[in-house]
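One structure is given here, and the rest of the page talks about it.
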Amino acid sequence: MDTLASYDELPYDSLPLPETQPDFLAAVARLHGFDAPDPSRARILELGCAQGGNLIPLAWRWPGSDCVGVELSRVQAETGAAFIQALGLPNVRIQHGDLAALPGDLGEFDYIIAHGVYSWVPPSVRQALLDVCRRHLSPQGIAYISFNVAAGWQALQPLRTALIERTAANLPAPARFQQALRVLDELQAEWRDPVLLKEIAYLKSAAPSYLFHEYLADLNAPMAFAEFAAQLDTHGLRYVGEAGPRRAVVELENAWGLMPEGMAGRWLDAEAALDDAFAIRFRRALIACDDAPCAQPPQAEALSGLSFHADLRSDEEIDLEAATEQGFVNPAGNTFPIAQPAMKAAAMALSAAYPGALDYAALLSAAREVLAEHEAGAQMDEAVFRQALFQLTMAHGVMPTVWAGSFAAEPGERPCANALAQQQARSPGWVVSGERHVAMDLDPAGRMLLSAMDGSQTVDELAATMQATLAQSGLEVQLQRVKELTWQQLWLFARQGLLV
Ligand SMILES: C[S@@+](CC[C@H](N)C(=O)[O-])C[C@H]1O[C@@H](n2cnc3c(N)ncnc32)[C@H](O)[C@@H]1O
């Protein structure tokens, strides 16, 4: 009950989570030799879906899908249901209820998503979550379960203990959060351990709900990967692969000579060893029924059957002649070093196509074209290129997908945003989601513009509307300047695939 109350008092920011998108999950599964169902016609279940910030955009994107969310917090479930009703979306519903007491007639699902749930619920609910996967996964279905990993959490436990001990558990969640911030200041002055100090610095700017639910909530039970795999085993499930970014991947010698069953044990041991080597604290595990075909460690060869999208930029001039390492940055601020000229060219081609995706063959020829356009003498060695793409894909610099999507590239004469984006923009507490399932950070003026983009106004009229609205809130801005800002925003919306 404490956990439930805290979720009602300090709702978890309900955001689109790119790594839970079924088209991405299907692509990752394919890298592991596992064929998952077509996401655009899939049944998708999200457990602990909060208000549906992740699930609703998926249902919107794929009208042929059927999406069900289950959420224990009544406040969040009802907020989500009201949003769905206002949007008039027929293929998604959010059910208020306990995932451990699901009605038996829910049927089978091709994708089951449980993000931020497994480690934060009592052991009985953890077991129930795995039971739900076994009972409701379709034969080739894929479940995504994220959880905290003991290898990385060991070093952070003193911080959790100190925050719990030095704050009052009986305070309402928001007040306890404020108290925790003061404790972080104290600990920063007292402690010397660099790992803990780095985490304290991060927590001071992280979302309040993150600090609360990771460090103050009664339940946060990190688990060793081996134990997680054993739990899967006892529930008739098996590990398929990892949907989180990876700095290193498991390669088994003679992997192709071994029967998949023979390989599984070695693979799981190697995964556990990676967690220790990199002090991994969070995993996003892909899971299938144990009678589904076996998966294997990810294989670069499987890239040829996938498409890719990426939104990368580089602040330096890109050197397409030499294999010098250059940093490419994604919108989340993560930097990916790329050395191989053909891969740099591919990153440029993907960024130009974003939010569109290029399949492997198209990416290869686009990279060749970029090299030719820049008269770069570099030879394209496909085996080397594939390996570079594999590494970048595993690190999530490039996202693999099985869904190409199609997006309006330009604002047009009377710019129109899709109905989901308009509805998100005019709903306080909802984040606007880009078509590649990323959360957009929009200021009030950006939201105002988006919610006015119903296709009835020209750009000049939109700018005049914006100027008048800004004036009403006491902000006098020259029309020319408002027009410039309007255009900037329109291009940003186009880049996120929000225009129709
Ligand atoms: C940390 S939040 C994660 C929310 C969302 N999945 C996300 O990642 O943004 C965990 C969610 O699981 C819900 N939850 C906890 N126990 C549950 C249960 N037994 N049945 C259904 N939902 C539950 C909580 O109310 C909360 O909304």
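Each chain in the structure tokens gets a letter, A, B, ..., in the order shown, and its residues are numbered from 1; ligands are numbered from 1 in order too.
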
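Considering only C-alpha atoms and all ligand atoms, every residue of the polymer chains approaching ligand 1 to 7 Å or closer is listed here: Leu4, Tyr7, Tyr12, Asp13, Ser14, Leu15, Leu47, Gly48, Cys49, Ala50, Val70, Glu71, Leu72, Ser73, Gly97, Asp98, Leu99, Ala100, Ala114, His115, Gly116, Val117, Val121, Val125 and His213 of chain A.
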
Q. Excluding same-chain residues fewer than 2 positions from Pro411 of chain A, what lies within 9 Å of it counting only C-alpha atoms, as a ChimeraX atom specification?
A. /A:408-409,413-416,459,487,490-491,493-494,499-500

Suppose we keep N, CA, C and O atoms; can you now write the selection as an mmCIF file, in the first residue's frame?
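Everything below was put into out04.cif:
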data_model
loop_
_atom_site.group_PDB
_atom_site.id
_atom_site.type_symbol
_atom_site.label_atom_id
_atom_site.label_comp_id
_atom_site.auth_asym_id
_atom_site.auth_seq_id
_atom_site.Cartn_x
_atom_site.Cartn_y
_atom_site.Cartn_z
ATOM 1 N N ALA A 408 5.855 12.909 -43.061
ATOM 2 C CA ALA A 408 5.851 14.131 -43.874
ATOM 3 C C ALA A 408 7.156 14.868 -43.602
ATOM 4 O O ALA A 408 7.532 15.093 -42.456
ATOM 5 N N ALA A 409 7.863 15.194 -44.689
ATOM 6 C CA ALA A 409 9.195 15.788 -44.512
ATOM 7 C C ALA A 409 9.127 17.299 -44.299
ATOM 8 O O ALA A 409 10.027 17.886 -43.714
ATOM 9 N N GLU A 413 1.735 24.040 -46.660
ATOM 10 C CA GLU A 413 1.165 25.398 -46.618
ATOM 11 C C GLU A 413 0.372 25.672 -45.337
ATOM 12 O O GLU A 413 0.473 26.732 -44.736
ATOM 13 N N ARG A 414 -0.421 24.667 -44.942
ATOM 14 C CA ARG A 414 -1.194 24.790 -43.698
ATOM 15 C C ARG A 414 -0.765 23.657 -42.768
ATOM 16 O O ARG A 414 -1.362 22.564 -42.781
ATOM 17 N N PRO A 415 0.276 23.896 -41.968
ATOM 18 C CA PRO A 415 0.870 22.805 -41.183
ATOM 19 C C PRO A 415 -0.146 22.157 -40.249
ATOM 20 O O PRO A 415 -0.925 22.846 -39.592
ATOM 21 N N CYS A 416 -0.108 20.835 -40.255
ATOM 22 C CA CYS A 416 -1.033 20.076 -39.414
ATOM 23 C C CYS A 416 -0.240 19.036 -38.634
ATOM 24 O O CYS A 416 0.514 18.261 -39.218
ATOM 25 N N VAL A 459 1.257 29.321 -42.203
ATOM 26 C CA VAL A 459 2.351 29.595 -41.253
ATOM 27 C C VAL A 459 2.249 31.035 -40.752
ATOM 28 O O VAL A 459 2.418 31.302 -39.548
ATOM 29 N N TRP A 487 8.831 29.030 -37.681
ATOM 30 C CA TRP A 487 9.470 28.145 -38.667
ATOM 31 C C TRP A 487 10.433 27.159 -38.007
ATOM 32 O O TRP A 487 10.445 25.981 -38.326
ATOM 33 N N LEU A 490 8.480 24.486 -36.497
ATOM 34 C CA LEU A 490 7.859 23.615 -37.500
ATOM 35 C C LEU A 490 8.858 22.594 -38.022
ATOM 36 O O LEU A 490 8.532 21.418 -38.217
ATOM 37 N N TRP A 491 10.089 23.033 -38.238
ATOM 38 C CA TRP A 491 11.106 22.091 -38.723
ATOM 39 C C TRP A 491 11.426 21.046 -37.661
ATOM 40 O O TRP A 491 11.677 19.885 -37.955
ATOM 41 N N PHE A 493 9.275 19.961 -35.448
ATOM 42 C CA PHE A 493 8.146 19.014 -35.444
ATOM 43 C C PHE A 493 8.260 18.054 -36.639
ATOM 44 O O PHE A 493 7.977 16.861 -36.505
ATOM 45 N N ALA A 494 8.676 18.606 -37.790
ATOM 46 C CA ALA A 494 8.823 17.739 -38.972
ATOM 47 C C ALA A 494 9.885 16.681 -38.689
ATOM 48 O O ALA A 494 9.714 15.501 -39.011
ATOM 49 N N LEU A 499 4.196 15.797 -38.250
ATOM 50 C CA LEU A 499 3.317 16.463 -39.214
ATOM 51 C C LEU A 499 2.584 15.461 -40.091
ATOM 52 O O LEU A 499 3.100 14.389 -40.406
ATOM 53 N N VAL A 500 1.360 15.850 -40.470
ATOM 54 C CA VAL A 500 0.615 14.976 -41.391
ATOM 55 C C VAL A 500 0.350 15.739 -42.682
ATOM 56 O O VAL A 500 0.431 16.946 -42.725
#

Residue contacts of segment 426-438 of chain A (6 Å, only C-alpha atoms) excluding same-chain residues fewer than 6 positions away, as a PDB file with all heavy atoms, in the first residue's frame:
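Result written to around19.pdb:
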ATOM      1  N   PRO A  16       7.349   8.108 -23.366  1.00  0.00           N
ATOM      2  CA  PRO A  16       7.654   7.077 -24.364  1.00  0.00           C
ATOM      3  C   PRO A  16       9.069   6.551 -24.110  1.00  0.00           C
ATOM      4  O   PRO A  16       9.994   7.338 -23.889  1.00  0.00           O
ATOM      5  CB  PRO A  16       7.581   7.829 -25.695  1.00  0.00           C
ATOM      6  CG  PRO A  16       7.780   9.265 -25.353  1.00  0.00           C
ATOM      7  CD  PRO A  16       7.273   9.453 -23.954  1.00  0.00           C
ATOM      8  N   PRO A  18      11.978   4.574 -25.798  1.00  0.00           N
ATOM      9  CA  PRO A  18      12.366   4.054 -27.113  1.00  0.00           C
ATOM     10  C   PRO A  18      12.751   2.579 -27.088  1.00  0.00           C
ATOM     11  O   PRO A  18      12.472   1.847 -28.028  1.00  0.00           O
ATOM     12  CB  PRO A  18      13.574   4.913 -27.500  1.00  0.00           C
ATOM     13  CG  PRO A  18      13.513   6.111 -26.627  1.00  0.00           C
ATOM     14  CD  PRO A  18      12.729   5.762 -25.401  1.00  0.00           C
ATOM     15  N   SER A 451      -0.454  22.675 -30.444  1.00  0.00           N
ATOM     16  CA  SER A 451      -1.885  22.403 -30.224  1.00  0.00           C
ATOM     17  C   SER A 451      -2.755  23.227 -31.178  1.00  0.00           C
ATOM     18  O   SER A 451      -3.910  22.870 -31.420  1.00  0.00           O
ATOM     19  CB  SER A 451      -2.276  22.640 -28.766  1.00  0.00           C
ATOM     20  OG  SER A 451      -1.961  23.944 -28.406  1.00  0.00           O
ATOM     21  N   GLN A 496      10.651  15.340 -35.992  1.00  0.00           N
ATOM     22  CA  GLN A 496      10.150  14.311 -35.069  1.00  0.00           C
ATOM     23  C   GLN A 496       8.980  13.529 -35.657  1.00  0.00           C
ATOM     24  O   GLN A 496       8.358  12.724 -34.960  1.00  0.00           O
ATOM     25  CB  GLN A 496       9.749  14.958 -33.732  1.00  0.00           C
ATOM     26  CG  GLN A 496      10.935  15.455 -32.926  1.00  0.00           C
ATOM     27  CD  GLN A 496      11.959  14.372 -32.626  1.00  0.00           C
ATOM     28  OE1 GLN A 496      11.629  13.200 -32.499  1.00  0.00           O
ATOM     29  NE2 GLN A 496      13.231  14.758 -32.542  1.00  0.00           N
ATOM     30  N   GLY A 497       8.652  13.805 -36.916  1.00  0.00           N
ATOM     31  CA  GLY A 497       7.594  13.037 -37.582  1.00  0.00           C
ATOM     32  C   GLY A 497       6.195  13.381 -37.101  1.00  0.00           C
ATOM     33  O   GLY A 497       5.292  12.551 -37.192  1.00  0.00           O
TER      34      GLY A 497
END

Q | Atom-to-atom span, atom CA of Tyr111 of chain A and atom CA of Ala302 of chain A, Å | A | 20.9 Å

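Between atom CA of Met399 of chain A and atom CA of Gln231 of chain A the separation is 29.4 Å.
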
Q. Which of segment 361-459 of chain A counts as strand (DSSP E) under DSSP, as an NGL selection string please?
A. :A and (399-401 or 432-433 or 439-440)

Those same residues - C-alpha atoms - I'd like them written as a PDB file, in the first residue's frame.
ATOM      1  CA  MET A 399      18.614   2.026 -33.650  1.00  0.00           C
ATOM      2  CA  PRO A 400      17.624  -1.104 -35.549  1.00  0.00           C
ATOM      3  CA  THR A 401      13.989  -1.526 -36.530  1.00  0.00           C
ATOM      4  CA  VAL A 432       4.785  15.065 -26.620  1.00  0.00           C
ATOM      5  CA  SER A 433       6.221  11.959 -28.256  1.00  0.00           C
ATOM      6  CA  ALA A 439      10.081  12.369 -25.412  1.00  0.00           C
ATOM      7  CA  MET A 440      10.210  15.936 -26.722  1.00  0.00           C
TER       8      MET A 440
END

**Q.** Residue nearest Glu325 of chain A among A:Lys204, A:Arg93, A:His396, A:Lys344 (counting only C-alpha atoms)
**A.** A:Lys344

Q: Tell me, as a ChimeraX atom specification, which residues lie within 12 Å of Cys294 of chain A, counting only C-alpha atoms; anything in the same chain fewer than 5 positions away does not count.
A: /A:29-30,32-35,140,237-241,259-265,267,287-289

Alpha helix (DSSP H) positions in segment 413-478 of chain A, given as an mmCIF file with N, CA, C and O atoms, in the first residue's frame:
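Final file, selection37.cif:
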data_model
loop_
_atom_site.group_PDB
_atom_site.id
_atom_site.type_symbol
_atom_site.label_atom_id
_atom_site.label_comp_id
_atom_site.auth_asym_id
_atom_site.auth_seq_id
_atom_site.Cartn_x
_atom_site.Cartn_y
_atom_site.Cartn_z
ATOM 1 N N ALA A 419 -3.036 14.083 -34.585
ATOM 2 C CA ALA A 419 -3.980 14.342 -33.490
ATOM 3 C C ALA A 419 -3.390 13.971 -32.127
ATOM 4 O O ALA A 419 -3.690 14.615 -31.119
ATOM 5 N N LEU A 420 -2.521 12.943 -32.090
ATOM 6 C CA LEU A 420 -1.910 12.568 -30.810
ATOM 7 C C LEU A 420 -1.032 13.711 -30.289
ATOM 8 O O LEU A 420 -1.130 14.099 -29.124
ATOM 9 N N ALA A 421 -0.184 14.248 -31.175
ATOM 10 C CA ALA A 421 0.715 15.324 -30.753
ATOM 11 C C ALA A 421 -0.086 16.545 -30.293
ATOM 12 O O ALA A 421 0.249 17.186 -29.288
ATOM 13 N N GLN A 422 -1.158 16.873 -31.040
ATOM 14 C CA GLN A 422 -1.989 18.015 -30.633
ATOM 15 C C GLN A 422 -2.569 17.786 -29.238
ATOM 16 O O GLN A 422 -2.556 18.676 -28.385
ATOM 17 N N GLN A 423 -3.072 16.577 -29.041
ATOM 18 C CA GLN A 423 -3.714 16.255 -27.758
ATOM 19 C C GLN A 423 -2.682 16.256 -26.615
ATOM 20 O O GLN A 423 -2.943 16.764 -25.526
ATOM 21 N N GLN A 424 -1.493 15.693 -26.888
ATOM 22 C CA GLN A 424 -0.440 15.700 -25.855
ATOM 23 C C GLN A 424 -0.052 17.142 -25.526
ATOM 24 O O GLN A 424 0.128 17.507 -24.370
ATOM 25 N N ALA A 425 0.056 17.973 -26.586
ATOM 26 C CA ALA A 425 0.505 19.357 -26.379
ATOM 27 C C ALA A 425 -0.478 20.139 -25.526
ATOM 28 O O ALA A 425 -0.077 21.004 -24.748
ATOM 29 N N PRO A 444 6.359 26.069 -23.120
ATOM 30 C CA PRO A 444 4.918 26.356 -23.257
ATOM 31 C C PRO A 444 4.563 26.918 -24.632
ATOM 32 O O PRO A 444 3.520 26.575 -25.190
ATOM 33 N N ALA A 445 5.451 27.748 -25.210
ATOM 34 C CA ALA A 445 5.133 28.318 -26.525
ATOM 35 C C ALA A 445 5.105 27.215 -27.588
ATOM 36 O O ALA A 445 4.245 27.216 -28.478
ATOM 37 N N GLY A 446 6.043 26.274 -27.504
ATOM 38 C CA GLY A 446 6.088 25.158 -28.450
ATOM 39 C C GLY A 446 4.821 24.323 -28.355
ATOM 40 O O GLY A 446 4.250 23.920 -29.359
ATOM 41 N N ARG A 447 4.366 24.091 -27.130
ATOM 42 C CA ARG A 447 3.142 23.292 -26.933
ATOM 43 C C ARG A 447 1.933 24.042 -27.484
ATOM 44 O O ARG A 447 1.052 23.462 -28.109
ATOM 45 N N MET A 448 1.940 25.368 -27.254
ATOM 46 C CA MET A 448 0.835 26.196 -27.735
ATOM 47 C C MET A 448 0.748 26.116 -29.260
ATOM 48 O O MET A 448 -0.316 25.931 -29.838
ATOM 49 N N LEU A 449 1.902 26.241 -29.904
ATOM 50 C CA LEU A 449 1.935 26.202 -31.373
ATOM 51 C C LEU A 449 1.439 24.833 -31.870
ATOM 52 O O LEU A 449 0.588 24.768 -32.757
ATOM 53 N N LEU A 450 1.961 23.789 -31.257
ATOM 54 C CA LEU A 450 1.596 22.435 -31.697
ATOM 55 C C LEU A 450 0.091 22.195 -31.549
ATOM 56 O O LEU A 450 -0.556 21.625 -32.433
ATOM 57 N N SER A 451 -0.454 22.675 -30.444
ATOM 58 C CA SER A 451 -1.885 22.403 -30.224
ATOM 59 C C SER A 451 -2.755 23.227 -31.178
ATOM 60 O O SER A 451 -3.910 22.870 -31.420
ATOM 61 N N ALA A 452 -2.170 24.298 -31.760
ATOM 62 C CA ALA A 452 -2.951 25.107 -32.716
ATOM 63 C C ALA A 452 -2.823 24.576 -34.141
ATOM 64 O O ALA A 452 -3.509 25.041 -35.050
ATOM 65 N N VAL A 459 1.257 29.321 -42.203
ATOM 66 C CA VAL A 459 2.351 29.595 -41.253
ATOM 67 C C VAL A 459 2.249 31.035 -40.752
ATOM 68 O O VAL A 459 2.418 31.302 -39.548
ATOM 69 N N ASP A 460 1.929 31.966 -41.660
ATOM 70 C CA ASP A 460 1.810 33.362 -41.234
ATOM 71 C C ASP A 460 0.678 33.532 -40.221
ATOM 72 O O ASP A 460 0.806 34.263 -39.239
ATOM 73 N N GLU A 461 -0.424 32.842 -40.479
ATOM 74 C CA GLU A 461 -1.554 32.949 -39.535
ATOM 75 C C GLU A 461 -1.194 32.333 -38.182
ATOM 76 O O GLU A 461 -1.539 32.882 -37.133
ATOM 77 N N LEU A 462 -0.477 31.209 -38.229
ATOM 78 C CA LEU A 462 -0.046 30.582 -36.968
ATOM 79 C C LEU A 462 0.853 31.538 -36.183
ATOM 80 O O LEU A 462 0.725 31.681 -34.963
ATOM 81 N N ALA A 463 1.749 32.217 -36.932
ATOM 82 C CA ALA A 463 2.670 33.147 -36.273
ATOM 83 C C ALA A 463 1.882 34.299 -35.646
ATOM 84 O O ALA A 463 2.176 34.718 -34.510
ATOM 85 N N ALA A 464 0.856 34.788 -36.372
ATOM 86 C CA ALA A 464 0.045 35.894 -35.832
ATOM 87 C C ALA A 464 -0.709 35.416 -34.581
ATOM 88 O O ALA A 464 -0.776 36.135 -33.572
ATOM 89 N N THR A 465 -1.239 34.179 -34.627
ATOM 90 C CA THR A 465 -1.932 33.619 -33.454
ATOM 91 C C THR A 465 -0.963 33.541 -32.277
ATOM 92 O O THR A 465 -1.296 33.896 -31.142
ATOM 93 N N MET A 466 0.261 33.055 -32.574
ATOM 94 C CA MET A 466 1.271 32.925 -31.511
ATOM 95 C C MET A 466 1.598 34.292 -30.922
ATOM 96 O O MET A 466 1.709 34.440 -29.705
ATOM 97 N N GLN A 467 1.733 35.298 -31.821
ATOM 98 C CA GLN A 467 2.089 36.637 -31.331
ATOM 99 C C GLN A 467 0.996 37.157 -30.399
ATOM 100 O O GLN A 467 1.287 37.688 -29.314
ATOM 101 N N ALA A 468 -0.267 36.966 -30.812
ATOM 102 C CA ALA A 468 -1.384 37.454 -29.994
ATOM 103 C C ALA A 468 -1.423 36.714 -28.650
ATOM 104 O O ALA A 468 -1.621 37.328 -27.596
ATOM 105 N N THR A 469 -1.195 35.399 -28.681
ATOM 106 C CA THR A 469 -1.249 34.618 -27.428
ATOM 107 C C THR A 469 -0.114 35.035 -26.495
ATOM 108 O O THR A 469 -0.308 35.161 -25.286
ATOM 109 N N LEU A 470 1.080 35.246 -27.096
ATOM 110 C CA LEU A 470 2.209 35.675 -26.257
ATOM 111 C C LEU A 470 1.909 37.040 -25.643
ATOM 112 O O LEU A 470 2.207 37.284 -24.468
ATOM 113 N N ALA A 471 1.287 37.934 -26.447
ATOM 114 C CA ALA A 471 0.964 39.284 -25.944
ATOM 115 C C ALA A 471 -0.002 39.191 -24.764
ATOM 116 O O ALA A 471 0.146 39.917 -23.771
ATOM 117 N N GLN A 472 -0.966 38.268 -24.879
ATOM 118 C CA GLN A 472 -1.932 38.093 -23.770
ATOM 119 C C GLN A 472 -1.229 37.710 -22.475
ATOM 120 O O GLN A 472 -1.669 38.059 -21.390
#

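Using only C-alpha atoms, the smallest distance between any of A:Glu214, A:Asp291, A:Glu108, A:Glu369 and Trp153 of chain A comes from A:Glu214.
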
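Among the candidates A:Leu156, A:Asp441, A:Phe385, A:Ala26, the one nearest to Leu196 of chain A when counting only C-alpha atoms is A:Leu156.
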
Q: For Asp276 of chain A, work out the shell of residues within 12 Å, counting only C-alpha atoms and skipping chain neighbours fewer than 2 positions away, then give it as JSON, numbers by chain.
A: {"A": [149, 150, 151, 152, 153, 154, 155, 224, 225, 226, 269, 270, 271, 272, 273, 274, 278, 279, 280, 281]}

Q | Interatomic distance (Å, one decimal) between atom CA of Met223 of chain A and atom CA of Arg166 of chain A | A | 25.1 Å

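Counting only C-alpha atoms and comparing A:Leu106, A:Leu203, A:Ala221, A:Ala86, the residue that lies closest to Ser119 of chain A is A:Ala221.
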
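Residues in contact with Leu31 of chain A at 6 Å, where only C-alpha atoms are counted and same-chain residues fewer than 3 positions away are skipped, are listed as A:Val28, A:Pro298, A:Gln299, A:Ala302.
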
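Using only C-alpha atoms, the shortest contact distance between Pro158 of chain A and any of A:Tyr215, A:Ile113, A:Asp315, A:Phe336 is found at A:Tyr215.
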